[in-house]
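Structure file query_39.txt (compact mmCIF, N, CA, C and O atoms) follows.
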```txt
# COMPACT_ATOMS: atom_id res chain seq x y z
N MET A 1 61.78 -152.93 -31.38
CA MET A 1 62.81 -153.73 -30.77
C MET A 1 62.20 -155.06 -30.35
O MET A 1 61.20 -155.11 -29.64
N SER A 2 62.79 -156.13 -30.81
CA SER A 2 62.25 -157.44 -30.47
C SER A 2 62.99 -158.03 -29.27
O SER A 2 64.18 -157.79 -29.07
N ILE A 3 62.26 -158.78 -28.51
CA ILE A 3 62.83 -159.44 -27.35
C ILE A 3 63.19 -160.87 -27.77
O ILE A 3 62.36 -161.59 -28.30
N HIS A 4 64.43 -161.24 -27.55
CA HIS A 4 64.87 -162.58 -27.91
C HIS A 4 64.60 -163.54 -26.76
O HIS A 4 64.84 -163.23 -25.60
N GLY A 5 64.11 -164.72 -27.11
CA GLY A 5 63.91 -165.76 -26.11
C GLY A 5 65.22 -166.42 -25.75
O GLY A 5 66.26 -166.15 -26.37
N PRO A 6 65.20 -167.29 -24.76
CA PRO A 6 66.45 -167.93 -24.34
C PRO A 6 67.07 -168.80 -25.43
O PRO A 6 68.27 -168.88 -25.56
N ARG A 7 66.23 -169.44 -26.24
CA ARG A 7 66.78 -170.29 -27.30
C ARG A 7 67.45 -169.47 -28.38
O ARG A 7 68.49 -169.84 -28.90
N SER A 8 66.86 -168.34 -28.75
CA SER A 8 67.47 -167.53 -29.79
C SER A 8 68.75 -166.86 -29.27
O SER A 8 69.68 -166.65 -30.04
N ARG A 9 68.80 -166.54 -27.99
CA ARG A 9 70.02 -165.97 -27.42
C ARG A 9 71.15 -166.98 -27.41
O ARG A 9 72.29 -166.64 -27.67
N THR A 10 70.84 -168.24 -27.11
CA THR A 10 71.89 -169.26 -27.12
C THR A 10 72.35 -169.53 -28.54
O THR A 10 73.55 -169.76 -28.77
N ARG A 11 71.44 -169.51 -29.50
CA ARG A 11 71.85 -169.68 -30.90
C ARG A 11 72.72 -168.52 -31.35
O ARG A 11 73.70 -168.70 -32.07
N LEU A 12 72.36 -167.32 -30.92
CA LEU A 12 73.15 -166.15 -31.25
C LEU A 12 74.54 -166.23 -30.61
O LEU A 12 75.55 -165.90 -31.25
N ALA A 13 74.61 -166.69 -29.36
CA ALA A 13 75.89 -166.84 -28.69
C ALA A 13 76.74 -167.91 -29.38
O ALA A 13 77.96 -167.73 -29.55
N ALA A 14 76.12 -169.00 -29.80
CA ALA A 14 76.86 -170.06 -30.50
C ALA A 14 77.38 -169.56 -31.84
O ALA A 14 78.54 -169.82 -32.20
N ALA A 15 76.55 -168.84 -32.57
CA ALA A 15 76.98 -168.29 -33.86
C ALA A 15 78.09 -167.25 -33.66
O ALA A 15 79.04 -167.20 -34.45
N ALA A 16 77.98 -166.45 -32.62
CA ALA A 16 79.01 -165.46 -32.33
C ALA A 16 80.33 -166.14 -31.98
O ALA A 16 81.40 -165.70 -32.41
N TYR A 17 80.28 -167.22 -31.21
CA TYR A 17 81.49 -167.97 -30.85
C TYR A 17 82.18 -168.53 -32.10
O TYR A 17 83.38 -168.36 -32.28
N VAL A 18 81.41 -169.16 -32.97
CA VAL A 18 81.98 -169.73 -34.20
C VAL A 18 82.55 -168.61 -35.07
O VAL A 18 83.67 -168.72 -35.60
N GLY A 19 81.82 -167.52 -35.20
CA GLY A 19 82.30 -166.40 -36.00
C GLY A 19 83.55 -165.75 -35.45
O GLY A 19 84.48 -165.43 -36.20
N LEU A 20 83.59 -165.55 -34.14
CA LEU A 20 84.77 -164.93 -33.53
C LEU A 20 86.00 -165.82 -33.65
O LEU A 20 87.10 -165.32 -33.91
N VAL A 21 85.84 -167.12 -33.47
CA VAL A 21 86.99 -168.02 -33.62
C VAL A 21 87.48 -168.02 -35.06
O VAL A 21 88.68 -167.97 -35.32
N THR A 22 86.55 -168.01 -36.01
CA THR A 22 86.94 -167.99 -37.42
C THR A 22 87.64 -166.68 -37.77
O THR A 22 88.67 -166.68 -38.45
N LEU A 23 87.11 -165.56 -37.31
CA LEU A 23 87.74 -164.26 -37.58
C LEU A 23 89.11 -164.15 -36.90
O LEU A 23 90.05 -163.60 -37.48
N ALA A 24 89.22 -164.66 -35.69
CA ALA A 24 90.51 -164.63 -35.00
C ALA A 24 91.53 -165.50 -35.74
O ALA A 24 92.70 -165.12 -35.86
N ALA A 25 91.10 -166.65 -36.23
CA ALA A 25 92.01 -167.52 -36.99
C ALA A 25 92.42 -166.86 -38.31
O ALA A 25 93.57 -166.98 -38.74
N LEU A 26 91.49 -166.15 -38.94
CA LEU A 26 91.82 -165.44 -40.17
C LEU A 26 92.81 -164.31 -39.89
O LEU A 26 93.79 -164.13 -40.64
N ALA A 27 92.61 -163.58 -38.81
CA ALA A 27 93.55 -162.51 -38.44
C ALA A 27 94.92 -163.10 -38.10
O ALA A 27 95.96 -162.51 -38.44
N TYR A 28 94.93 -164.26 -37.46
CA TYR A 28 96.18 -164.95 -37.13
C TYR A 28 96.92 -165.34 -38.41
O TYR A 28 98.14 -165.19 -38.49
N GLU A 29 96.21 -165.81 -39.40
CA GLU A 29 96.83 -166.17 -40.69
C GLU A 29 97.34 -164.93 -41.41
O GLU A 29 98.42 -164.95 -41.98
N ILE A 30 96.56 -163.87 -41.42
CA ILE A 30 96.96 -162.64 -42.10
C ILE A 30 98.20 -162.04 -41.43
O ILE A 30 99.08 -161.49 -42.09
N ALA A 31 98.30 -162.18 -40.11
CA ALA A 31 99.45 -161.64 -39.37
C ALA A 31 100.71 -162.46 -39.60
O ALA A 31 101.78 -162.08 -39.12
N GLY A 32 100.62 -163.56 -40.30
CA GLY A 32 101.80 -164.36 -40.59
C GLY A 32 102.08 -165.45 -39.58
O GLY A 32 103.20 -165.89 -39.44
N GLN A 33 101.07 -165.88 -38.87
CA GLN A 33 101.16 -166.95 -37.88
C GLN A 33 102.24 -166.70 -36.82
O GLN A 33 103.18 -167.49 -36.68
N PRO A 34 102.13 -165.63 -36.06
CA PRO A 34 103.13 -165.39 -35.02
C PRO A 34 103.07 -166.49 -33.95
O PRO A 34 102.00 -167.01 -33.64
N GLU A 35 104.23 -166.85 -33.42
CA GLU A 35 104.29 -167.94 -32.46
C GLU A 35 103.55 -167.62 -31.17
O GLU A 35 103.11 -168.53 -30.47
N ALA A 36 103.42 -166.36 -30.85
CA ALA A 36 102.74 -165.97 -29.61
C ALA A 36 101.26 -166.34 -29.63
O ALA A 36 100.65 -166.57 -28.60
N GLY A 37 100.64 -166.42 -30.81
CA GLY A 37 99.22 -166.71 -30.90
C GLY A 37 98.87 -168.15 -31.18
O GLY A 37 97.70 -168.51 -31.24
N GLU A 38 99.89 -168.99 -31.35
CA GLU A 38 99.63 -170.38 -31.72
C GLU A 38 98.84 -171.13 -30.63
O GLU A 38 97.88 -171.83 -30.93
N ALA A 39 99.23 -170.98 -29.40
CA ALA A 39 98.55 -171.67 -28.30
C ALA A 39 97.13 -171.15 -28.13
O ALA A 39 96.20 -171.92 -27.87
N ALA A 40 96.95 -169.85 -28.28
CA ALA A 40 95.61 -169.27 -28.13
C ALA A 40 94.67 -169.76 -29.22
O ALA A 40 93.50 -170.03 -28.96
N MET A 41 95.17 -169.89 -30.43
CA MET A 41 94.33 -170.36 -31.53
C MET A 41 93.94 -171.83 -31.34
O MET A 41 92.82 -172.22 -31.63
N THR A 42 94.86 -172.62 -30.85
CA THR A 42 94.55 -174.02 -30.59
C THR A 42 93.56 -174.15 -29.44
O THR A 42 92.62 -174.94 -29.51
N LEU A 43 93.74 -173.35 -28.41
CA LEU A 43 92.85 -173.41 -27.25
C LEU A 43 91.45 -172.89 -27.56
O LEU A 43 90.47 -173.36 -26.99
N ALA A 44 91.33 -171.93 -28.47
CA ALA A 44 90.03 -171.33 -28.77
C ALA A 44 89.06 -172.34 -29.36
O ALA A 44 87.85 -172.24 -29.12
N ALA A 45 89.55 -173.29 -30.12
CA ALA A 45 88.66 -174.26 -30.77
C ALA A 45 88.88 -175.67 -30.25
O ALA A 45 88.39 -176.63 -30.84
N TRP A 46 89.58 -175.81 -29.13
CA TRP A 46 89.83 -177.14 -28.58
C TRP A 46 88.59 -177.63 -27.88
O TRP A 46 87.91 -176.84 -27.25
N PRO A 47 88.16 -178.83 -27.94
CA PRO A 47 88.68 -180.05 -28.54
C PRO A 47 88.15 -180.31 -29.95
O PRO A 47 88.52 -181.28 -30.59
N GLY A 48 87.29 -179.43 -30.46
CA GLY A 48 86.69 -179.66 -31.76
C GLY A 48 87.69 -179.73 -32.89
O GLY A 48 87.58 -180.57 -33.79
N VAL A 49 88.70 -178.86 -32.86
CA VAL A 49 89.70 -178.88 -33.91
C VAL A 49 90.53 -180.16 -33.85
O VAL A 49 90.92 -180.70 -34.89
N ILE A 50 90.76 -180.68 -32.67
CA ILE A 50 91.51 -181.93 -32.53
C ILE A 50 90.68 -183.09 -33.08
O ILE A 50 91.22 -183.97 -33.77
N ILE A 51 89.41 -183.12 -32.81
CA ILE A 51 88.53 -184.16 -33.34
C ILE A 51 88.54 -184.12 -34.87
O ILE A 51 88.64 -185.17 -35.53
N LEU A 52 88.46 -182.94 -35.44
CA LEU A 52 88.49 -182.82 -36.90
C LEU A 52 89.82 -183.26 -37.47
O LEU A 52 89.87 -183.93 -38.51
N LEU A 53 90.92 -182.91 -36.81
CA LEU A 53 92.23 -183.32 -37.30
C LEU A 53 92.39 -184.83 -37.26
O LEU A 53 92.97 -185.42 -38.17
N VAL A 54 91.90 -185.45 -36.21
CA VAL A 54 91.98 -186.92 -36.11
C VAL A 54 91.16 -187.56 -37.22
O VAL A 54 91.56 -188.58 -37.79
N MET A 55 90.04 -186.95 -37.58
CA MET A 55 89.21 -187.50 -38.65
C MET A 55 89.80 -187.22 -40.03
O MET A 55 89.69 -188.04 -40.93
N LEU A 56 90.43 -186.06 -40.21
CA LEU A 56 90.93 -185.67 -41.53
C LEU A 56 92.35 -186.14 -41.82
O LEU A 56 92.73 -186.23 -42.98
N TYR A 57 93.13 -186.45 -40.80
CA TYR A 57 94.51 -186.85 -41.02
C TYR A 57 94.63 -188.11 -41.87
O TYR A 57 95.43 -188.13 -42.81
N PRO A 58 93.87 -189.18 -41.60
CA PRO A 58 93.98 -190.36 -42.47
C PRO A 58 93.59 -190.07 -43.91
O PRO A 58 94.18 -190.62 -44.84
N LEU A 59 92.62 -189.19 -44.11
CA LEU A 59 92.23 -188.83 -45.47
C LEU A 59 93.36 -188.10 -46.19
O LEU A 59 93.63 -188.37 -47.37
N ALA A 60 94.06 -187.22 -45.49
CA ALA A 60 95.18 -186.51 -46.10
C ALA A 60 96.32 -187.46 -46.45
O ALA A 60 96.96 -187.31 -47.48
N VAL A 61 96.56 -188.44 -45.60
CA VAL A 61 97.61 -189.42 -45.88
C VAL A 61 97.23 -190.27 -47.08
O VAL A 61 98.07 -190.56 -47.94
N LEU A 62 95.97 -190.67 -47.17
CA LEU A 62 95.53 -191.48 -48.30
C LEU A 62 95.61 -190.71 -49.62
O LEU A 62 95.87 -191.30 -50.68
N LEU A 63 95.38 -189.41 -49.59
CA LEU A 63 95.43 -188.60 -50.80
C LEU A 63 96.85 -188.22 -51.20
O LEU A 63 97.06 -187.63 -52.25
N GLY A 64 97.81 -188.55 -50.35
CA GLY A 64 99.20 -188.26 -50.68
C GLY A 64 99.69 -186.92 -50.18
O GLY A 64 100.82 -186.54 -50.41
N ASP A 65 98.86 -186.18 -49.50
CA ASP A 65 99.27 -184.90 -48.93
C ASP A 65 99.98 -185.17 -47.62
O ASP A 65 99.51 -185.95 -46.79
N ASP A 66 101.12 -184.56 -47.40
CA ASP A 66 101.85 -184.76 -46.15
C ASP A 66 101.55 -183.61 -45.20
O ASP A 66 102.12 -182.53 -45.32
N PRO A 67 100.61 -183.82 -44.24
CA PRO A 67 100.24 -182.73 -43.33
C PRO A 67 101.31 -182.40 -42.29
O PRO A 67 101.19 -181.42 -41.58
N LEU A 68 102.36 -183.22 -42.18
CA LEU A 68 103.39 -182.94 -41.20
C LEU A 68 104.35 -181.85 -41.66
O LEU A 68 105.05 -181.26 -40.85
N LEU A 69 104.39 -181.57 -42.96
CA LEU A 69 105.23 -180.49 -43.44
C LEU A 69 104.57 -179.17 -43.12
O LEU A 69 103.45 -178.91 -43.53
N GLY A 70 105.25 -178.33 -42.37
CA GLY A 70 104.66 -177.05 -41.97
C GLY A 70 104.64 -176.06 -43.13
O GLY A 70 105.60 -175.95 -43.88
N GLU A 71 103.55 -175.36 -43.25
CA GLU A 71 103.43 -174.34 -44.28
C GLU A 71 103.63 -172.98 -43.64
O GLU A 71 103.04 -172.69 -42.60
N THR A 72 104.45 -172.16 -44.25
CA THR A 72 104.65 -170.83 -43.72
C THR A 72 103.90 -169.78 -44.54
O THR A 72 103.83 -168.64 -44.14
N ALA A 73 103.35 -170.18 -45.67
CA ALA A 73 102.60 -169.25 -46.52
C ALA A 73 101.17 -169.11 -45.99
O ALA A 73 100.72 -169.88 -45.15
N PHE A 74 100.47 -168.12 -46.54
CA PHE A 74 99.07 -167.90 -46.17
C PHE A 74 98.24 -169.10 -46.58
O PHE A 74 98.33 -169.58 -47.70
N ASN A 75 97.44 -169.61 -45.67
CA ASN A 75 96.63 -170.78 -45.92
C ASN A 75 95.21 -170.49 -45.45
O ASN A 75 94.98 -170.28 -44.26
N LEU A 76 94.26 -170.50 -46.36
CA LEU A 76 92.88 -170.19 -46.00
C LEU A 76 92.19 -171.37 -45.32
O LEU A 76 91.18 -171.19 -44.64
N LEU A 77 92.75 -172.56 -45.43
CA LEU A 77 92.14 -173.73 -44.81
C LEU A 77 92.27 -173.73 -43.29
O LEU A 77 91.42 -174.27 -42.59
N ALA A 78 93.32 -173.11 -42.76
CA ALA A 78 93.50 -173.08 -41.30
C ALA A 78 92.37 -172.32 -40.60
O ALA A 78 91.83 -172.83 -39.61
N PRO A 79 91.98 -171.13 -41.05
CA PRO A 79 90.84 -170.47 -40.40
C PRO A 79 89.54 -171.26 -40.54
O PRO A 79 88.73 -171.30 -39.61
N LEU A 80 89.37 -171.91 -41.67
CA LEU A 80 88.17 -172.74 -41.84
C LEU A 80 88.19 -173.94 -40.90
O LEU A 80 87.16 -174.34 -40.36
N LEU A 81 89.37 -174.51 -40.69
CA LEU A 81 89.49 -175.63 -39.76
C LEU A 81 89.18 -175.19 -38.33
O LEU A 81 88.47 -175.90 -37.61
N HIS A 82 89.68 -174.02 -37.94
CA HIS A 82 89.38 -173.53 -36.59
C HIS A 82 87.89 -173.20 -36.44
O HIS A 82 87.30 -173.48 -35.40
N GLY A 83 87.30 -172.62 -37.47
CA GLY A 83 85.86 -172.35 -37.42
C GLY A 83 85.04 -173.63 -37.36
O GLY A 83 84.06 -173.71 -36.62
N ALA A 84 85.46 -174.64 -38.12
CA ALA A 84 84.76 -175.93 -38.07
C ALA A 84 84.97 -176.60 -36.71
O ALA A 84 84.05 -177.24 -36.18
N GLY A 85 86.14 -176.43 -36.11
CA GLY A 85 86.38 -176.96 -34.77
C GLY A 85 85.48 -176.29 -33.74
O GLY A 85 84.96 -176.94 -32.83
N ALA A 86 85.28 -174.98 -33.89
CA ALA A 86 84.37 -174.27 -32.99
C ALA A 86 82.94 -174.76 -33.19
O ALA A 86 82.18 -174.91 -32.22
N LEU A 87 82.57 -175.04 -34.43
CA LEU A 87 81.24 -175.58 -34.71
C LEU A 87 81.06 -176.97 -34.08
O LEU A 87 80.01 -177.28 -33.53
N VAL A 88 82.10 -177.78 -34.14
CA VAL A 88 82.05 -179.10 -33.48
C VAL A 88 81.88 -178.92 -31.98
O VAL A 88 81.12 -179.67 -31.34
N ASN A 89 82.55 -177.92 -31.39
CA ASN A 89 82.38 -177.65 -29.96
C ASN A 89 80.93 -177.29 -29.63
O ASN A 89 80.37 -177.75 -28.63
N VAL A 90 80.32 -176.47 -30.49
CA VAL A 90 78.91 -176.10 -30.28
C VAL A 90 78.03 -177.33 -30.36
O VAL A 90 77.12 -177.52 -29.55
N LEU A 91 78.30 -178.21 -31.32
CA LEU A 91 77.50 -179.42 -31.45
C LEU A 91 77.70 -180.38 -30.27
O LEU A 91 76.76 -181.04 -29.85
N ILE A 92 78.91 -180.43 -29.73
CA ILE A 92 79.16 -181.25 -28.55
C ILE A 92 78.35 -180.74 -27.36
O ILE A 92 77.69 -181.51 -26.66
N VAL A 93 78.38 -179.43 -27.14
CA VAL A 93 77.63 -178.84 -26.02
C VAL A 93 76.13 -179.05 -26.23
O VAL A 93 75.41 -179.40 -25.29
N TRP A 94 75.65 -178.86 -27.46
CA TRP A 94 74.24 -179.09 -27.75
C TRP A 94 73.85 -180.54 -27.46
O TRP A 94 72.80 -180.80 -26.88
N GLY A 95 74.70 -181.49 -27.85
CA GLY A 95 74.41 -182.90 -27.61
C GLY A 95 74.37 -183.23 -26.12
O GLY A 95 73.51 -184.00 -25.67
N VAL A 96 75.29 -182.68 -25.36
CA VAL A 96 75.31 -182.93 -23.91
C VAL A 96 74.07 -182.36 -23.26
O VAL A 96 73.44 -183.00 -22.41
N ILE A 97 73.67 -181.15 -23.65
CA ILE A 97 72.47 -180.54 -23.08
C ILE A 97 71.22 -181.32 -23.47
O ILE A 97 70.33 -181.56 -22.64
N ALA A 98 71.14 -181.75 -24.73
CA ALA A 98 69.98 -182.54 -25.18
C ALA A 98 69.91 -183.86 -24.42
O ALA A 98 68.83 -184.30 -24.03
N PHE A 99 71.06 -184.50 -24.19
CA PHE A 99 71.07 -185.75 -23.44
C PHE A 99 70.62 -185.52 -22.00
O PHE A 99 69.84 -186.31 -21.45
N ALA A 100 71.10 -184.44 -21.38
CA ALA A 100 70.72 -184.15 -19.99
C ALA A 100 69.22 -183.88 -19.89
O ALA A 100 68.56 -184.35 -18.95
N ARG A 101 68.66 -183.15 -20.85
CA ARG A 101 67.22 -182.89 -20.83
C ARG A 101 66.43 -184.18 -21.01
O ARG A 101 65.41 -184.39 -20.35
N HIS A 102 66.88 -185.01 -21.93
CA HIS A 102 66.20 -186.29 -22.15
C HIS A 102 66.28 -187.17 -20.91
O HIS A 102 65.29 -187.79 -20.51
N PHE A 103 67.46 -187.22 -20.28
CA PHE A 103 67.64 -188.02 -19.07
C PHE A 103 66.74 -187.51 -17.95
O PHE A 103 66.10 -188.29 -17.25
N LYS A 104 66.65 -186.18 -17.81
CA LYS A 104 65.79 -185.59 -16.77
C LYS A 104 64.33 -185.91 -17.03
O LYS A 104 63.58 -186.24 -16.10
N ALA A 105 63.90 -185.83 -18.30
CA ALA A 105 62.50 -186.15 -18.63
C ALA A 105 62.18 -187.62 -18.36
O ALA A 105 61.11 -187.95 -17.83
N GLU A 106 63.09 -188.50 -18.71
CA GLU A 106 62.87 -189.92 -18.45
C GLU A 106 62.88 -190.22 -16.97
O GLU A 106 62.09 -191.06 -16.49
N TYR A 107 63.72 -189.56 -16.21
CA TYR A 107 63.75 -189.75 -14.77
C TYR A 107 62.45 -189.28 -14.15
O TYR A 107 61.88 -189.97 -13.28
N SER A 108 61.95 -188.14 -14.59
CA SER A 108 60.69 -187.62 -14.05
C SER A 108 59.52 -188.53 -14.42
O SER A 108 58.60 -188.74 -13.62
N ARG A 109 59.55 -189.08 -15.62
CA ARG A 109 58.50 -189.96 -16.08
C ARG A 109 58.50 -191.29 -15.33
O ARG A 109 57.45 -191.89 -15.11
N SER A 110 59.66 -191.76 -14.91
CA SER A 110 59.75 -193.06 -14.24
C SER A 110 59.35 -192.98 -12.78
O SER A 110 59.09 -194.00 -12.16
N ARG A 111 59.28 -191.79 -12.22
CA ARG A 111 58.90 -191.66 -10.80
C ARG A 111 57.43 -191.68 -10.72
O ARG A 111 56.52 -191.89 -10.43
```
Could you express the structure from this file as structure tokens?
Amino acid sequence: MSIHGPRSRTRLAAAAYVGLVTLAALAYEIAGQPEAGEAAMTLAAWPGVIILLVMLYPLAVLLGDDPLLGETAFNLLAPLLHGAGALVNVLIVWGVIAFARHFKAEYSRSR
């Protein structure tokens, strides 16, 4: 039995978060997108999914795809979008922590 260090545990937690959000979004799609789960799916990957949508919406408009038309059929891109949004959330948290560590090191060095 191996003992995981704090860094490997945080990586494992981040991977588990991304995986769980992706699996939940896939289950939501398979269930036929019930209205009761719509808010939960948006909240699970918020704000990362919103950042991705803001970045991808102009591309969809330029390609001629109309993203405002709602699809009621099974769509594999929605779970991928939620998983990518969760990944963006992990990267945001990683960036904030890296900035705080850098700021703390610079503060200690300047004293």
> With only C-alpha atoms as the basis for distance, which of A:Ala24, A:Ala100, A:Val90, A:Ala60 is at the shortest distance from Ala44 of chain A?
Replying inline: A:Ala24
Could you pull out every residue with an atom within 7 Å of (94.9, -170.2, -42.9), file coordinates, counting all atoms listed in the file, and send them as a compact mmCIF listing (two decimals) with N, CA, C and O atoms, keeping the file's coordinate frame?
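Listed below is the output, result_6.txt:
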```
# COMPACT_ATOMS: atom_id res chain seq x y z
N ALA A 25 91.10 -166.65 -36.23
CA ALA A 25 92.01 -167.52 -36.99
C ALA A 25 92.42 -166.86 -38.31
O ALA A 25 93.57 -166.98 -38.74
N LEU A 26 91.49 -166.15 -38.94
CA LEU A 26 91.82 -165.44 -40.17
C LEU A 26 92.81 -164.31 -39.89
O LEU A 26 93.79 -164.13 -40.64
N TYR A 28 94.93 -164.26 -37.46
CA TYR A 28 96.18 -164.95 -37.13
C TYR A 28 96.92 -165.34 -38.41
O TYR A 28 98.14 -165.19 -38.49
N GLU A 29 96.21 -165.81 -39.40
CA GLU A 29 96.83 -166.17 -40.69
C GLU A 29 97.34 -164.93 -41.41
O GLU A 29 98.42 -164.95 -41.98
N ILE A 30 96.56 -163.87 -41.42
CA ILE A 30 96.96 -162.64 -42.10
C ILE A 30 98.20 -162.04 -41.43
O ILE A 30 99.08 -161.49 -42.09
N ALA A 73 103.35 -170.18 -45.67
CA ALA A 73 102.60 -169.25 -46.52
C ALA A 73 101.17 -169.11 -45.99
O ALA A 73 100.72 -169.88 -45.15
N PHE A 74 100.47 -168.12 -46.54
CA PHE A 74 99.07 -167.90 -46.17
C PHE A 74 98.24 -169.10 -46.58
O PHE A 74 98.33 -169.58 -47.70
N ASN A 75 97.44 -169.61 -45.67
CA ASN A 75 96.63 -170.78 -45.92
C ASN A 75 95.21 -170.49 -45.45
O ASN A 75 94.98 -170.28 -44.26
N LEU A 76 94.26 -170.50 -46.36
CA LEU A 76 92.88 -170.19 -46.00
C LEU A 76 92.19 -171.37 -45.32
O LEU A 76 91.18 -171.19 -44.64
N LEU A 77 92.75 -172.56 -45.43
CA LEU A 77 92.14 -173.73 -44.81
C LEU A 77 92.27 -173.73 -43.29
O LEU A 77 91.42 -174.27 -42.59
N ALA A 78 93.32 -173.11 -42.76
CA ALA A 78 93.50 -173.08 -41.30
C ALA A 78 92.37 -172.32 -40.60
O ALA A 78 91.83 -172.83 -39.61
N PRO A 79 91.98 -171.13 -41.05
CA PRO A 79 90.84 -170.47 -40.40
C PRO A 79 89.54 -171.26 -40.54
O PRO A 79 88.73 -171.30 -39.61
N LEU A 80 89.37 -171.91 -41.67
CA LEU A 80 88.17 -172.74 -41.84
C LEU A 80 88.19 -173.94 -40.90
O LEU A 80 87.16 -174.34 -40.36
```
> Got a sec to tell me which of chain A DSSP assigns to alpha helix (DSSP H), as number ranges by chain?
Replying inline: A: 6-30, 38-44, 48-62, 77-110
>> Set the distance at 8 Å and use only C-alpha atoms: which residues neighbour Asn89 of chain A once local chain neighbours fewer than 2 positions away are removed? I'd like the list as a list in words.
In response: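 Listed by chain and then number, they are Ala45, Trp46, Pro47, Gly48, Gly85, Ala86, Leu87, Leu91, Ile92 and Val93 of chain A.
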Calculate, to one decimal in Å, the centre and edge lengths of the box along x, y and z of the file that holds all listed atoms of segment 28-41 of chain A with 4 Å of margin on each side, and present them as JSON.
```
{"center_x": 98.6, "center_y": -166.9, "center_z": -35.0, "size_x": 19.5, "size_y": 18.7, "size_z": 22.2}
```
>> Counting only C-alpha atoms, which residue out of A:Ile50, A:Ala98, A:Ala84, A:Ala39 sits closest to Thr22 of chain A?
In response: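 Looking only at the distances to Thr22 of chain A, the closest residue turns out to be A:Ala84.
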> atom CA of Arg7 of chain A to atom CA of Arg101 of chain A: how many Å, to one decimal?
Replying inline: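 Between these atoms lies a distance of 14.2 Å.
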> For the atom pair atom CA of Arg11 of chain A and atom CA of Leu43 of chain A, what is the interatomic distance in Å to one decimal place?
Replying inline: 21.6 Å
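We find atom N of Leu62 of chain A and atom N of Ala40 of chain A to be spaced 28.1 Å apart.
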>> For a quick check of understanding, using only C-alpha atoms, which of A:Met55, A:Val49, A:Val61, A:Ala31 has the smallest distance to Gly83 of chain A?
In response: A:Val49
Using N, CA, C and O atoms, give me segment 26-37 of chain A from the structure I just pasted, as a compact mmCIF listing (two decimals), in the first residue's frame.
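Once written, selection_5.txt looks like this:
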```
# COMPACT_ATOMS: atom_id res chain seq x y z
N LEU A 26 -23.03 13.00 -18.55
CA LEU A 26 -23.39 11.91 -19.45
C LEU A 26 -24.67 11.23 -18.99
O LEU A 26 -25.56 10.94 -19.81
N ALA A 27 -24.81 11.01 -17.70
CA ALA A 27 -26.03 10.41 -17.16
C ALA A 27 -27.23 11.34 -17.39
O ALA A 27 -28.34 10.87 -17.70
N TYR A 28 -27.01 12.64 -17.27
CA TYR A 28 -28.05 13.63 -17.52
C TYR A 28 -28.50 13.57 -18.98
O TYR A 28 -29.69 13.64 -19.27
N GLU A 29 -27.57 13.42 -19.89
CA GLU A 29 -27.91 13.31 -21.32
C GLU A 29 -28.64 12.00 -21.60
O GLU A 29 -29.60 11.98 -22.37
N ILE A 30 -28.18 10.91 -21.02
CA ILE A 30 -28.81 9.61 -21.25
C ILE A 30 -30.24 9.61 -20.70
O ILE A 30 -31.14 9.01 -21.27
N ALA A 31 -30.46 10.32 -19.59
CA ALA A 31 -31.79 10.38 -18.98
C ALA A 31 -32.75 11.25 -19.79
O ALA A 31 -33.93 11.33 -19.46
N GLY A 32 -32.27 11.90 -20.82
CA GLY A 32 -33.15 12.71 -21.65
C GLY A 32 -33.25 14.16 -21.23
O GLY A 32 -34.22 14.83 -21.52
N GLN A 33 -32.26 14.65 -20.53
CA GLN A 33 -32.18 16.03 -20.08
C GLN A 33 -33.41 16.48 -19.28
O GLN A 33 -34.11 17.41 -19.67
N PRO A 34 -33.68 15.84 -18.16
CA PRO A 34 -34.84 16.27 -17.37
C PRO A 34 -34.61 17.68 -16.82
O PRO A 34 -33.49 18.07 -16.50
N GLU A 35 -35.69 18.45 -16.74
CA GLU A 35 -35.57 19.85 -16.31
C GLU A 35 -35.11 19.97 -14.87
O GLU A 35 -34.53 20.98 -14.50
N ALA A 36 -35.36 18.97 -14.07
CA ALA A 36 -34.97 19.03 -12.66
C ALA A 36 -33.46 19.05 -12.49
O ALA A 36 -32.95 19.58 -11.51
N GLY A 37 -32.70 18.51 -13.44
CA GLY A 37 -31.25 18.45 -13.30
C GLY A 37 -30.50 19.53 -14.04
O GLY A 37 -29.28 19.60 -13.96
```
